[in-house]
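Chemist: This is data_10.tsv, which holds TSV, C-alpha atoms:
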chain	number	residue	atom	x	y	z
R	70	MET	CA	173.52	-179.76	23.82
R	71	VAL	CA	169.98	-178.71	22.84
R	72	MET	CA	169.33	-177.14	26.22
R	73	MET	CA	172.72	-175.39	26.24
R	74	LEU	CA	171.82	-173.92	22.84
R	75	VAL	CA	168.59	-172.61	24.40
R	76	GLY	CA	170.67	-171.01	27.16
R	77	PHE	CA	172.91	-169.32	24.58
R	78	VAL	CA	169.81	-167.99	22.77
R	79	PHE	CA	168.46	-166.51	26.03
R	80	LEU	CA	171.80	-164.80	26.73
R	81	PHE	CA	172.00	-163.51	23.14
R	82	LEU	CA	168.48	-162.02	23.25
R	83	ALA	CA	169.14	-160.38	26.61
R	84	ILE	CA	172.55	-158.89	25.78
R	85	LYS	CA	172.12	-158.09	22.08
R	86	TYR	CA	168.48	-156.94	22.02
R	87	ASP	CA	167.92	-155.99	25.69
R	88	PHE	CA	164.97	-158.41	26.02
R	89	GLU	CA	164.27	-158.57	29.79
R	90	PRO	CA	168.00	-158.92	30.63
R	91	MET	CA	167.38	-159.04	34.39
R	92	LEU	CA	165.38	-162.24	33.82
R	93	LEU	CA	166.90	-163.86	30.76
R	94	ILE	CA	170.56	-163.55	31.79
R	95	PRO	CA	170.10	-165.40	35.15
R	96	ILE	CA	167.81	-167.97	33.50
R	97	GLY	CA	170.05	-168.44	30.46
R	98	PHE	CA	173.19	-168.85	32.57
R	99	GLY	CA	171.28	-171.19	34.89
R	100	ILE	CA	170.38	-173.35	31.88
R	101	LEU	CA	174.10	-173.69	31.10
R	102	ILE	CA	174.86	-174.63	34.73
R	103	GLY	CA	172.03	-177.16	34.86
R	104	ASN	CA	173.11	-178.94	31.68
R	105	ILE	CA	176.85	-179.29	32.27
R	106	PRO	CA	177.47	-183.07	32.01
R	107	MET	CA	178.51	-184.67	35.30
R	108	PHE	CA	179.15	-188.19	36.59
R	109	GLN	CA	175.85	-189.64	37.81
R	110	VAL	CA	175.04	-193.14	38.98
R	111	VAL	CA	172.43	-194.52	41.39
R	112	ASP	CA	173.15	-193.80	45.08
R	113	PHE	CA	176.09	-191.54	44.22
R	114	ASN	CA	175.70	-187.85	45.04
R	115	LEU	CA	178.37	-185.33	43.99
R	116	LYS	CA	176.19	-182.56	45.52
R	117	LEU	CA	176.47	-180.48	42.37
R	118	GLY	CA	173.15	-180.58	40.50
R	119	VAL	CA	169.95	-178.79	41.36
R	120	TYR	CA	168.19	-182.14	41.88
R	121	GLU	CA	170.90	-183.64	44.14
R	122	PRO	CA	169.94	-183.34	47.84
R	123	GLY	CA	172.40	-181.33	49.90
R	124	SER	CA	173.89	-179.37	46.99
R	125	VAL	CA	173.97	-175.59	47.13
R	126	MET	CA	171.79	-175.37	44.03
R	127	ASN	CA	169.27	-177.78	45.52
R	128	ILE	CA	169.03	-175.72	48.72
R	129	LEU	CA	168.50	-172.51	46.72
R	130	TYR	CA	165.98	-174.29	44.50
R	131	GLN	CA	163.78	-174.96	47.54
R	132	GLY	CA	162.71	-171.33	47.31
R	133	VAL	CA	161.09	-172.25	43.99
R	134	VAL	CA	159.72	-175.67	44.98
R	135	GLN	CA	158.29	-174.43	48.27
R	136	GLY	CA	157.03	-171.14	46.78
R	137	TRP	CA	159.13	-168.78	48.94
R	138	TYR	CA	160.49	-166.54	46.19
R	139	PRO	CA	157.27	-165.34	44.46
R	140	PRO	CA	155.75	-163.61	47.53
R	141	LEU	CA	159.05	-161.80	48.14
R	142	ILE	CA	159.06	-160.61	44.53
R	143	PHE	CA	155.48	-159.39	44.97
R	144	LEU	CA	156.65	-157.45	48.04
R	145	GLY	CA	159.20	-155.67	45.86
R	146	ILE	CA	156.69	-155.08	43.06
R	147	GLY	CA	154.29	-153.51	45.56
R	148	ALA	CA	157.02	-151.21	46.86
R	149	MET	CA	157.83	-150.09	43.30
R	150	THR	CA	154.28	-149.66	42.01
R	151	ASP	CA	152.29	-146.44	41.91
R	152	PHE	CA	148.57	-147.27	41.84
R	153	SER	CA	147.56	-143.63	41.26
R	154	SER	CA	146.46	-144.18	37.66
R	155	LEU	CA	144.19	-147.04	38.75
R	156	ILE	CA	142.78	-145.12	41.72
R	157	SER	CA	142.03	-142.09	39.51
R	158	ASN	CA	140.11	-144.18	36.94
R	159	PRO	CA	138.85	-147.38	38.64
R	160	LYS	CA	136.82	-148.54	35.63
R	161	LEU	CA	140.09	-149.39	33.87
R	162	MET	CA	140.40	-152.27	36.35
R	163	LEU	CA	137.89	-154.07	34.14
R	164	LEU	CA	140.52	-154.23	31.40
R	165	GLY	CA	142.90	-156.02	33.75
R	166	ALA	CA	140.10	-158.48	34.45
R	167	ALA	CA	139.27	-158.92	30.75
R	168	ALA	CA	142.85	-159.91	29.94
R	169	GLN	CA	142.65	-162.79	32.43
R	170	ILE	CA	140.51	-164.69	29.92
R	171	GLY	CA	143.84	-166.01	28.67
R	172	ILE	CA	144.32	-167.89	31.95
R	173	PHE	CA	141.02	-169.75	31.89
R	174	LEU	CA	141.05	-170.55	28.16
R	175	THR	CA	144.60	-171.91	28.55
R	176	PHE	CA	143.38	-174.01	31.47
R	177	LEU	CA	140.68	-175.52	29.25
R	178	GLY	CA	143.20	-176.03	26.44
R	179	ALA	CA	145.57	-177.88	28.78
R	180	LEU	CA	142.74	-180.15	29.90
R	181	TYR	CA	141.94	-180.86	26.23
R	182	LEU	CA	145.58	-181.81	25.58
R	183	GLY	CA	145.44	-184.41	28.34
R	184	PHE	CA	146.97	-182.68	31.35
R	185	ALA	CA	145.51	-183.49	34.77
R	186	PRO	CA	143.40	-180.68	36.31
R	187	PRO	CA	146.11	-179.51	38.78
R	188	GLU	CA	148.70	-179.48	35.99
R	189	ALA	CA	146.28	-177.62	33.69
R	190	GLY	CA	145.66	-175.01	36.39
R	191	ALA	CA	149.38	-174.37	36.79
R	192	ILE	CA	149.83	-174.13	33.00
R	193	GLY	CA	146.85	-171.79	32.65
R	194	ILE	CA	148.42	-169.04	34.73
R	195	ILE	CA	150.99	-168.48	31.95
R	196	GLY	CA	148.14	-166.59	30.24
R	197	GLY	CA	148.47	-163.88	32.87
R	198	ALA	CA	152.06	-163.16	31.74
R	199	ASP	CA	153.15	-163.19	35.38
R	200	GLY	CA	156.28	-165.23	36.07
R	201	PRO	CA	156.23	-165.16	39.91
R	202	THR	CA	152.55	-166.14	40.00
R	203	ALA	CA	153.18	-168.97	37.53
R	204	ILE	CA	155.99	-170.31	39.71
R	205	PHE	CA	153.91	-169.96	42.89
R	206	LEU	CA	150.98	-171.88	41.43
R	207	SER	CA	153.09	-174.60	39.82
R	208	SER	CA	154.96	-175.10	43.11
R	209	LYS	CA	151.59	-175.87	44.72
R	210	LEU	CA	149.84	-177.81	41.96
R	211	ALA	CA	152.41	-179.27	39.53
R	212	ASN	CA	155.37	-180.02	41.79
R	213	GLY	CA	155.78	-183.77	41.16
R	214	LEU	CA	154.72	-184.48	44.76
R	215	ASN	CA	150.94	-184.13	45.01
R	216	VAL	CA	148.87	-187.31	44.62
R	217	MET	CA	145.48	-187.02	42.93
R	218	ALA	CA	142.31	-188.84	43.95
R	219	ASP	CA	142.93	-191.66	41.46
R	220	GLY	CA	146.36	-192.36	43.00
R	221	THR	CA	148.49	-190.87	40.22
R	222	THR	CA	151.19	-188.32	41.01
R	223	VAL	CA	151.17	-184.97	39.23
R	224	LYS	CA	154.10	-184.15	36.95
R	225	ASN	CA	156.82	-181.72	37.99
R	226	LEU	CA	156.20	-178.88	35.53
R	227	ILE	CA	157.77	-176.01	37.48
R	228	GLY	CA	160.71	-175.63	35.08
R	229	PRO	CA	158.80	-175.62	31.77
R	230	ILE	CA	156.05	-173.37	33.16
R	231	ALA	CA	158.53	-170.86	34.59
R	232	ILE	CA	160.63	-170.76	31.42
R	233	ALA	CA	157.52	-170.36	29.24
R	234	ALA	CA	156.11	-167.57	31.44
R	235	TYR	CA	159.34	-165.58	31.56
R	236	SER	CA	160.09	-166.17	27.87
R	237	TYR	CA	156.77	-164.70	26.79
R	238	MET	CA	157.14	-161.83	29.27
R	239	ALA	CA	160.43	-161.00	27.55
R	240	LEU	CA	158.76	-161.18	24.13
R	241	VAL	CA	156.01	-158.67	24.98
R	242	PRO	CA	157.38	-156.10	22.45
R	243	VAL	CA	157.29	-158.79	19.74
R	244	ILE	CA	153.96	-160.52	20.44
R	245	GLN	CA	151.63	-157.69	21.41
R	246	PRO	CA	151.95	-155.06	18.61
R	247	PRO	CA	150.65	-157.31	15.77
R	248	VAL	CA	147.65	-158.39	17.89
R	249	ILE	CA	146.85	-154.79	18.83
R	250	LYS	CA	147.07	-153.58	15.22
R	251	LEU	CA	144.94	-156.47	14.00
R	252	MET	CA	142.15	-155.64	16.45
R	253	THR	CA	142.10	-151.83	16.23
R	254	SER	CA	141.60	-149.25	13.51
R	255	ARG	CA	143.81	-146.20	13.08
R	256	LYS	CA	140.92	-144.03	14.30
R	257	GLU	CA	140.75	-146.05	17.53
R	258	ARG	CA	144.53	-145.89	18.01
R	259	LEU	CA	144.35	-142.08	17.78
R	260	ILE	CA	141.81	-141.70	20.62
R	261	ARG	CA	143.04	-139.20	23.21
R	262	MET	CA	142.01	-139.87	26.79
R	263	LYS	CA	141.36	-137.37	29.55
R	264	PRO	CA	144.38	-136.79	31.83
R	265	PRO	CA	144.15	-138.79	35.10
R	266	ARG	CA	142.94	-136.78	38.05
R	267	ALA	CA	145.23	-135.99	40.97
R	268	VAL	CA	145.10	-138.63	43.71
R	269	SER	CA	145.43	-137.65	47.38
R	270	LYS	CA	147.84	-139.28	49.79
R	271	THR	CA	144.90	-140.54	51.86
R	272	GLU	CA	143.58	-142.46	48.85
R	273	LYS	CA	147.02	-143.94	48.18
R	274	VAL	CA	147.35	-145.11	51.79
R	275	LEU	CA	143.84	-146.55	51.97
R	276	PHE	CA	144.08	-148.38	48.63
R	277	PRO	CA	146.40	-151.24	49.74
R	278	ILE	CA	144.43	-151.74	52.96
R	279	VAL	CA	141.01	-151.82	51.27
R	280	GLY	CA	142.43	-153.76	48.31
R	281	LEU	CA	143.85	-156.44	50.61
R	282	ILE	CA	140.56	-156.95	52.45
R	283	LEU	CA	138.46	-157.14	49.27
R	284	THR	CA	140.74	-159.43	47.26
R	285	ALA	CA	141.61	-161.69	50.19
R	286	TYR	CA	137.93	-162.48	50.76
R	287	ILE	CA	137.43	-163.15	47.04
R	288	ALA	CA	140.44	-165.47	46.79
R	289	PRO	CA	141.95	-166.28	50.21
R	290	SER	CA	144.35	-168.79	48.61
R	291	ALA	CA	146.09	-165.87	46.90
R	292	LEU	CA	146.88	-164.18	50.23
R	293	PRO	CA	150.65	-164.93	50.13
R	294	LEU	CA	150.90	-162.98	46.86
R	295	ILE	CA	148.20	-160.33	47.33
R	296	GLY	CA	149.17	-159.70	50.94
R	297	MET	CA	152.82	-159.09	50.10
R	298	LEU	CA	151.93	-156.91	47.08
R	299	PHE	CA	149.73	-154.58	49.13
R	300	PHE	CA	152.13	-154.65	52.11
R	301	GLY	CA	154.96	-153.47	49.86
R	302	ASN	CA	152.73	-150.73	48.45
R	303	LEU	CA	151.76	-149.56	51.95
R	304	LEU	CA	155.46	-149.33	52.87
R	305	LYS	CA	155.88	-147.03	49.88
R	306	GLU	CA	152.80	-144.87	50.27
R	307	SER	CA	152.78	-144.45	54.05
R	308	GLY	CA	155.77	-142.12	53.76
R	309	VAL	CA	157.17	-143.20	57.15
R	310	THR	CA	158.90	-146.45	56.10
R	311	LYS	CA	161.06	-145.23	53.22
R	312	ARG	CA	164.03	-147.40	54.22
R	313	LEU	CA	161.89	-150.55	54.25
R	314	ALA	CA	160.28	-149.62	50.94
R	315	ASN	CA	163.68	-148.96	49.36
R	316	THR	CA	165.00	-152.29	50.64
R	317	ALA	CA	162.01	-154.18	49.24
R	318	ALA	CA	162.09	-152.34	45.91
R	319	ASN	CA	165.83	-152.59	45.28
R	320	PRO	CA	168.25	-154.98	47.06
R	321	LEU	CA	165.61	-157.54	48.15
R	322	ILE	CA	163.84	-157.97	44.81
R	323	ASP	CA	167.20	-157.92	42.96
R	324	THR	CA	168.56	-160.69	45.19
R	325	ILE	CA	165.46	-162.85	44.81
R	326	THR	CA	165.43	-162.29	41.04
R	327	ILE	CA	169.01	-163.58	40.81
R	328	LEU	CA	168.27	-166.68	42.91
R	329	LEU	CA	164.97	-167.37	41.16
R	330	GLY	CA	166.31	-166.98	37.63
R	331	LEU	CA	169.46	-169.00	38.26
R	332	THR	CA	167.74	-171.93	39.97
R	333	VAL	CA	164.81	-172.05	37.53
R	334	GLY	CA	167.32	-172.12	34.68
R	335	ALA	CA	169.36	-174.84	36.38
R	336	SER	CA	166.24	-176.95	36.85
R	337	THR	CA	165.91	-177.40	33.07
R	338	GLN	CA	168.07	-180.50	32.83
R	339	ALA	CA	167.47	-182.08	29.44
R	340	ASP	CA	166.14	-185.36	30.86
R	341	VAL	CA	163.55	-183.40	32.87
R	342	PHE	CA	162.80	-180.57	30.45
R	343	LEU	CA	162.90	-182.02	26.92
R	344	THR	CA	159.58	-183.84	27.00
R	345	PRO	CA	156.36	-183.70	24.93
R	346	SER	CA	154.71	-181.95	27.90
R	347	SER	CA	157.17	-179.05	27.64
R	348	ILE	CA	156.44	-178.57	23.95
R	349	LYS	CA	152.70	-178.49	24.67
R	350	ILE	CA	153.25	-175.98	27.48
R	351	PHE	CA	155.19	-173.61	25.20
R	352	ALA	CA	152.49	-173.86	22.51
R	353	LEU	CA	149.75	-173.18	25.07
R	354	GLY	CA	151.77	-170.28	26.49
R	355	ALA	CA	152.06	-168.57	23.11
R	356	ALA	CA	148.34	-169.01	22.42
R	357	SER	CA	147.39	-167.81	25.91
R	358	PHE	CA	149.44	-164.63	25.61
R	359	VAL	CA	147.79	-163.75	22.30
R	360	ILE	CA	144.34	-164.50	23.77
R	361	ALA	CA	145.02	-162.39	26.88
R	362	THR	CA	146.15	-159.44	24.74
R	363	ALA	CA	143.12	-159.79	22.48
R	364	GLY	CA	140.82	-160.11	25.51
R	365	GLY	CA	142.04	-156.83	26.96
R	366	VAL	CA	141.66	-154.96	23.66
R	367	ALA	CA	138.19	-156.45	23.11
R	368	GLY	CA	137.21	-155.43	26.66
R	369	ALA	CA	138.15	-151.80	25.93
R	370	LYS	CA	136.18	-151.81	22.66
R	371	ILE	CA	133.12	-153.18	24.47
R	372	MET	CA	133.42	-150.53	27.20
R	373	ASN	CA	133.52	-147.81	24.53
R	374	LEU	CA	130.06	-148.86	23.39
R	375	PHE	CA	128.68	-147.58	26.70
R	376	LEU	CA	130.86	-144.46	27.16
R	377	LYS	CA	130.26	-140.90	25.96
R	378	LYS	CA	132.53	-139.59	23.22
R	379	GLU	CA	134.62	-137.46	25.59
R	380	ASN	CA	135.18	-140.46	27.90
R	381	LYS	CA	136.20	-142.99	25.23
R	382	ILE	CA	139.09	-145.35	26.01
R	383	ASN	CA	141.94	-145.90	23.58
R	384	PRO	CA	141.51	-149.67	23.08
R	385	MET	CA	145.26	-150.19	22.84
R	386	ILE	CA	145.56	-149.80	26.62
R	387	GLY	CA	143.44	-152.94	27.03
R	388	ALA	CA	146.45	-154.96	25.86
R	389	SER	CA	148.35	-153.85	28.97
R	390	GLY	CA	145.83	-155.76	31.10
R	391	VAL	CA	148.33	-158.61	31.14
R	392	SER	CA	150.54	-158.32	34.21
R	393	ALA	CA	153.91	-157.88	32.49
R	394	VAL	CA	154.67	-154.65	34.38
R	395	PRO	CA	155.72	-152.17	33.02
R	396	ASP	CA	156.73	-153.66	29.64
R	397	SER	CA	153.20	-154.04	28.33
R	398	ALA	CA	152.30	-150.44	29.23
R	399	ARG	CA	155.54	-149.31	27.58
R	400	VAL	CA	154.57	-151.10	24.35
R	401	VAL	CA	151.22	-149.28	24.32
R	402	GLN	CA	153.00	-145.96	24.92
R	403	GLN	CA	155.37	-146.56	22.00
R	404	MET	CA	152.54	-147.59	19.67
R	405	GLY	CA	150.54	-144.52	20.66
R	406	LEU	CA	153.49	-142.22	19.89
R	407	GLN	CA	153.95	-143.88	16.50
R	408	GLU	CA	150.38	-142.96	15.60
R	409	ASP	CA	150.48	-139.49	17.19
R	410	PRO	CA	153.74	-138.13	18.71
R	411	THR	CA	151.72	-135.98	21.15
R	412	ASN	CA	149.44	-138.75	22.47
R	413	HIS	CA	151.01	-140.14	25.66
R	414	LEU	CA	149.22	-143.27	26.89
R	415	LEU	CA	151.68	-144.57	29.51
R	416	MET	CA	149.84	-143.39	32.63
R	417	HIS	CA	146.52	-144.62	31.24
R	418	ALA	CA	148.03	-148.00	30.31
R	419	MET	CA	149.55	-148.44	33.77
R	420	ALA	CA	146.04	-148.69	35.29
R	421	PRO	CA	145.08	-151.97	33.55
R	422	ASN	CA	148.70	-153.10	33.80
R	423	VAL	CA	148.82	-152.99	37.61
R	424	SER	CA	145.25	-154.30	37.86
R	425	GLY	CA	146.45	-157.23	35.74
R	426	VAL	CA	148.97	-158.07	38.47
R	427	ILE	CA	146.14	-158.15	41.02
R	428	GLY	CA	143.87	-160.03	38.61
R	429	SER	CA	146.37	-162.79	37.84
R	430	ALA	CA	147.05	-163.31	41.55
R	431	VAL	CA	143.30	-163.52	42.26
R	432	ALA	CA	142.87	-165.96	39.36
R	433	ALA	CA	145.71	-168.06	40.76
R	434	GLY	CA	144.01	-168.10	44.16
R	435	ILE	CA	140.71	-169.21	42.61
R	436	LEU	CA	142.43	-172.04	40.67
R	437	LEU	CA	144.36	-173.06	43.78
R	438	SER	CA	141.23	-173.22	45.94
R	439	PHE	CA	139.50	-175.55	43.45
R	440	LEU	CA	142.43	-177.73	42.38
R	441	MET	CA	144.71	-178.08	45.45
Step by step, read the file and then write its structure as structure tokens.

Modeler:
Amino acid sequence: MVMMLVGFVFLFLAIKYDFEPMLLIPIGFGILIGNIPMFQVVDFNLKLGVYEPGSVMNILYQGVVQGWYPPLIFLGIGAMTDFSSLISNPKLMLLGAAAQIGIFLTFLGALYLGFAPPEAGAIGIIGGADGPTAIFLSSKLANGLNVMADGTTVKNLIGPIAIAAYSYMALVPVIQPPVIKLMTSRKERLIRMKPPRAVSKTEKVLFPIVGLILTAYIAPSALPLIGMLFFGNLLKESGVTKRLANTAANPLIDTITILLGLTVGASTQADVFLTPSSIKIFALGAASFVIATAGGVAGAKIMNLFLKKENKINPMIGASGVSAVPDSARVVQQMGLQEDPTNHLLMHAMAPNVSGVIGSAVAAGILLSFLM
């Protein structure tokens, strides 16, 4: 009953307040499906539940457990994303990197609370505000299957981590504004930035190729995510594969989002989900999101110390260094317009926002290479 109430809350927030409806409606409905009482005894399989081998839900859930869905979502994200704002002002990539402090501080916090290193690594990625990356990493590190050096088996934390990551992504408009206002003055929020320069088609085509090579050598374990992200972007920017780009950006990512949300929601059976570990994960997720937002804003303020007056950065855009695309950039745009109706920050905020996607995937690859 508790979990079904959670499902109702997700549906209410999505339908009534338009909080990430494309995520919260599939997840919320999946929670209802996963917590419908059914007859269960040992060695008796109705083939209904997500954890019952041979059931339709169990087969679909393999895309989560085996990590198939996240790379396909990254393919769609790449096909939808315009990296022009980042290419025109590459220094803003540093803000996407600064926001990833939330990942590593959450990792340390999870270790402090008693989670095993692989489990802590999977929990830490919530700080990047990137649902697909969180699912990908937890499917590798905290899947209930891996055995550590001391002989103990890691916990299956895929459900709690996924729900926490997507919940905080949906709450971007609620969590970020107070943190941004706390860390900036009105004078800083009124800073006007130079318009981004025009980016040539050659630059747009070369970016995913060069970006793939550089990031893959930094974090080869992130190749399934980074590779698909840049592949999708090349489909978009090449100009000769419009049908493939449209497929990746629309029907493919929509289909995967439905399957991912529904099966992740259905995996939250009360006996699996309602544990002390889940409560700790949600607390760490909230703290990590605040830290990541603060890290991005602080990074922008530090950069301003070394920039000339005409090149100053509005520190609010640092908050969009988390990889909740494009919601975080949209929040910055709305806050900028509240301060000055003529100050449009969206294109500037998209630069750290898309670099945050790359940064969280790279961070996931680094954690995976050390903890797998």

Chemist: Quick check, in Å to one decimal: how far apart do atom CA of R:Ser424 and atom CA of R:Gly165 lie?

Modeler: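 According to the coordinates, atom CA of R:Ser424 and atom CA of R:Gly165 are separated by 5.0 Å.
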
Chemist: Using all atoms listed in the file, which protein or nucleic acid residues come within 7 Å of R:Gly228? Drop anything in the same chain fewer than 6 positions from it, and give the result as an MDAnalysis selection string.

Modeler: chainID R and resid 333 336:337

Chemist: Taking into account only C-alpha atoms, which residue in the set R:Met416, R:Ile295, R:Leu92, R:Val423 is nearest to R:Thr202?

Modeler: R:Ile295

Chemist: With all atoms listed in the file as the counted atoms, please give the residues lying no more than 8 Å from R:Ala233, apart from itself and same-chain residues fewer than 2 positions off, as a PyMOL selection string.

Modeler: chain R and resi 195+229-231+235-237+350-351+354

Chemist: Between atom CA of R:Met441 and atom CA of R:Leu226, what distance in Å does the model show, to one decimal?

Modeler: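 Interatomic distance here is 15.2 Å.
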
Chemist: Which polymer residues, protein or nucleic acid, are no farther than 12 Å from (146.9, -156.9, 15.2), counting all atoms listed in the file, as a list of chain:residue names?

Modeler: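 I get R:Val243, R:Ile244, R:Gln245, R:Pro246, R:Pro247, R:Val248, R:Ile249, R:Lys250, R:Leu251, R:Met252, R:Thr253, R:Ser254, R:Arg255, R:Arg258, R:Val359, R:Ile360, R:Thr362, R:Ala363, R:Val366, R:Ala367, R:Pro384, R:Met385, R:Ala388, R:Met404 for the residues within 12 Å of that point.
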
Chemist: Counting only C-alpha atoms, which residue out of R:Leu414, R:Leu180, R:Met297, R:Ile192 sits closest to R:Ile382?

Modeler: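 Among the listed residues, the smallest separation from R:Ile382 belongs to R:Leu414.
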
Chemist: For R:Ile386, which residue among R:Leu329, R:Phe173, R:Leu440, R:Met162 is the nearest when counting only C-alpha atoms?

Modeler: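 Of the candidates, the smallest distance to R:Ile386 is held by R:Met162.
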
Chemist: Between atom CA of R:Asn412 and atom CA of R:Ala398, what is the distance in Å, rounded to a tenth?

Modeler: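 Taking atom CA of R:Asn412 and atom CA of R:Ala398, their separation equals 13.8 Å.
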
Chemist: What's the 6 Å shell around R:Gly171, counting only C-alpha atoms, without same-chain residues fewer than 3 positions away, as an MDAnalysis selection string?

Modeler: chainID R and resid 174:175 196 357 360:361

Chemist: Using all atoms listed in the file for the distances, tell me which of R:Gly390, R:Asp340, R:Gln402, R:Phe176 is nearest to R:Gly364.

Modeler: R:Gly390

Chemist: Please give the centre and size of the box around stretch 325-331 of chain R (axis-aligned, containing every atom listed in the file, 5 Å added per side), with values in Å to one decimal and written as AutoDock Vina command-line options.

Modeler:
--center_x 167.2 --center_y -165.6 --center_z 41.2 --size_x 14.5 --size_y 16.7 --size_z 17.2
